[in-house]
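Participant: What follows is a structure written as structure tokens; I'll ask about it next.
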Amino acid sequence: MTHVVTEACIGCKYTDCVAVCPVDCFHEGPNFLVIDPDVCIDCGVCIPECPVEAILEEKDLSPDQLEYVTLNAALAPKWPVITTTQEPLPEAAQWAERKDKRSLLSETV
């Protein structure tokens, strides 16, 4: 089972998780991060680093978040690897608690 970045990341893009990843499996899009399932070693060190709890083990996903397994896998090869912590998006705090953000995901880099 791999780890998955879920909807909670959309609009926030906190990058605390990428600094602790030992295998550089995170990729950065315009307003979202994804995990490359082919690179992730399922160590779990990224999970407690996410301030919005956007990273979950695949087995722990709720039914409404299952599409993010496919989405992470599809977007990872299209987006560049990110390995260092950056500032979150300017309005990250406002987006952190918002639900139903899927339609706001920007897939084009």
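Please note that chains go A, B, ... in the order of the structure tokens, that every chain numbers its residues from 1, and that ligands are numbered from 1 in the order shown.
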May I have all residues of chain A that DSSP, computed from the backbone, assigns to helix (DSSP H, G or I), given as a PyMOL selection string?
Facilitator: chain A and resi 7-9+16-20+47-49+58-60+63-65+67-75+92-95+102-104
Participant: Run DSSP on the backbone and give me the residues of chain A it puts in strand (DSSP E), as a list in words.
Facilitator: His3, Val4, Val5, Phe26, His27, Glu28, Leu33, Val34, Ile35, Ile55, Leu56 and Glu57 of chain A
Participant: Find the residues near Val23 of chain A: any atom within 12 Å, counting only C-alpha atoms, skip ones fewer than 4 places away on the same chain, and give them as a compact mmCIF listing (two decimals) with C-alpha atoms, in the first residue's frame.
Facilitator:
```txt
# COMPACT_ATOMS: atom_id res chain seq x y z
CA CYS A 17 6.26 16.48 4.16
CA VAL A 18 8.78 16.71 1.32
CA ALA A 19 11.70 17.63 3.59
CA HIS A 27 5.75 15.98 -7.00
CA ILE A 35 3.08 11.08 -4.13
CA ASP A 36 4.54 8.83 -6.81
CA PRO A 37 3.38 5.34 -5.78
CA ASP A 38 6.27 3.74 -7.69
CA VAL A 39 8.81 5.62 -5.56
CA CYS A 40 7.09 5.74 -2.15
CA ILE A 41 8.50 3.17 0.29
CA ASP A 42 5.57 3.43 2.70
CA CYS A 43 7.73 4.61 5.58
CA GLY A 44 5.05 7.00 6.86
CA VAL A 45 7.36 9.78 8.03
CA CYS A 46 5.42 12.29 5.91
CA VAL A 81 9.83 16.36 -8.04
CA ILE A 82 9.93 18.61 -5.00
CA THR A 83 12.53 17.94 -2.29
```
Participant: Can you tell me how far atom CA of Ile10 of chain A sits from atom CA of Ala73 of chain A, in Å to one decimal?
Facilitator: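 Distance between the two atoms: 16.2 Å.
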Participant: Per residue of segment 18-104 of chain A within 12 Å of segment 3-6 of chain A, which atom pair is closest and at what distance in Å (one decimal), using only C-alpha atoms, listed by chain and increasing number, as a tab-separated table?
Facilitator:
```
residue	atom	partner	partner_atom	distance
A:Val18	CA	A:Val5	CA	11.7
A:Cys21	CA	A:His3	CA	11.6
A:Cys25	CA	A:His3	CA	10.0
A:Phe26	CA	A:Val5	CA	9.3
A:His27	CA	A:Val5	CA	10.4
A:Glu28	CA	A:Val5	CA	11.2
A:Phe32	CA	A:Val5	CA	8.5
A:Leu33	CA	A:Val5	CA	6.7
A:Val34	CA	A:Val5	CA	5.5
A:Ile35	CA	A:Val4	CA	6.1
A:Asp36	CA	A:Val4	CA	8.6
A:Pro37	CA	A:His3	CA	7.3
A:Asp38	CA	A:His3	CA	10.6
A:Val39	CA	A:His3	CA	10.4
A:Cys40	CA	A:His3	CA	7.2
A:Ile41	CA	A:His3	CA	8.7
A:Asp42	CA	A:His3	CA	6.3
A:Cys43	CA	A:His3	CA	8.8
A:Gly44	CA	A:His3	CA	7.5
A:Val45	CA	A:His3	CA	10.3
A:Cys46	CA	A:His3	CA	8.9
A:Ile47	CA	A:His3	CA	8.5
A:Cys50	CA	A:Val5	CA	9.8
A:Val52	CA	A:Thr6	CA	10.0
A:Glu53	CA	A:Thr6	CA	8.7
A:Ala54	CA	A:Thr6	CA	5.1
A:Ile55	CA	A:Val5	CA	4.6
A:Leu56	CA	A:Val4	CA	5.4
A:Glu57	CA	A:His3	CA	4.4
A:Glu58	CA	A:His3	CA	5.6
A:Lys59	CA	A:His3	CA	8.8
A:Asp60	CA	A:His3	CA	9.4
A:Leu61	CA	A:Val4	CA	8.5
A:Ser62	CA	A:Thr6	CA	10.1
A:Pro63	CA	A:Thr6	CA	11.7
A:Asp64	CA	A:Thr6	CA	10.0
A:Gln65	CA	A:Thr6	CA	6.5
A:Leu66	CA	A:Thr6	CA	8.7
A:Glu67	CA	A:Thr6	CA	8.9
A:Tyr68	CA	A:Thr6	CA	5.8
A:Val69	CA	A:Val4	CA	6.1
A:Thr70	CA	A:Val4	CA	9.4
A:Leu71	CA	A:Val5	CA	9.1
A:Asn72	CA	A:Val4	CA	6.8
A:Ala73	CA	A:Val4	CA	9.1
A:Leu75	CA	A:Val5	CA	11.3
A:Ala76	CA	A:Val5	CA	11.0
A:Lys99	CA	A:Thr6	CA	11.2
A:Asp100	CA	A:Thr6	CA	11.2
A:Lys101	CA	A:Thr6	CA	10.2
A:Arg102	CA	A:Thr6	CA	9.3
```
Participant: Counting only C-alpha atoms, which of A:Pro48, A:Pro88, A:Pro30, A:Pro80 gets nearest to Ser106 of chain A?
Facilitator: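 Answer, going by the shortest atom-to-atom distance: A:Pro30.
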Participant: For atom CA of Thr85 of chain A and atom CA of Leu104 of chain A, determine how far apart the two atoms are, in Å to one decimal place.
Facilitator: 22.9 Å
Participant: Take atom CA of Ser103 of chain A and atom CA of Cys12 of chain A and report the distance between them in Å, one decimal.
Facilitator: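 Taking atom CA of Ser103 of chain A as the start and atom CA of Cys12 of chain A as the end point, the length is 14.5 Å.
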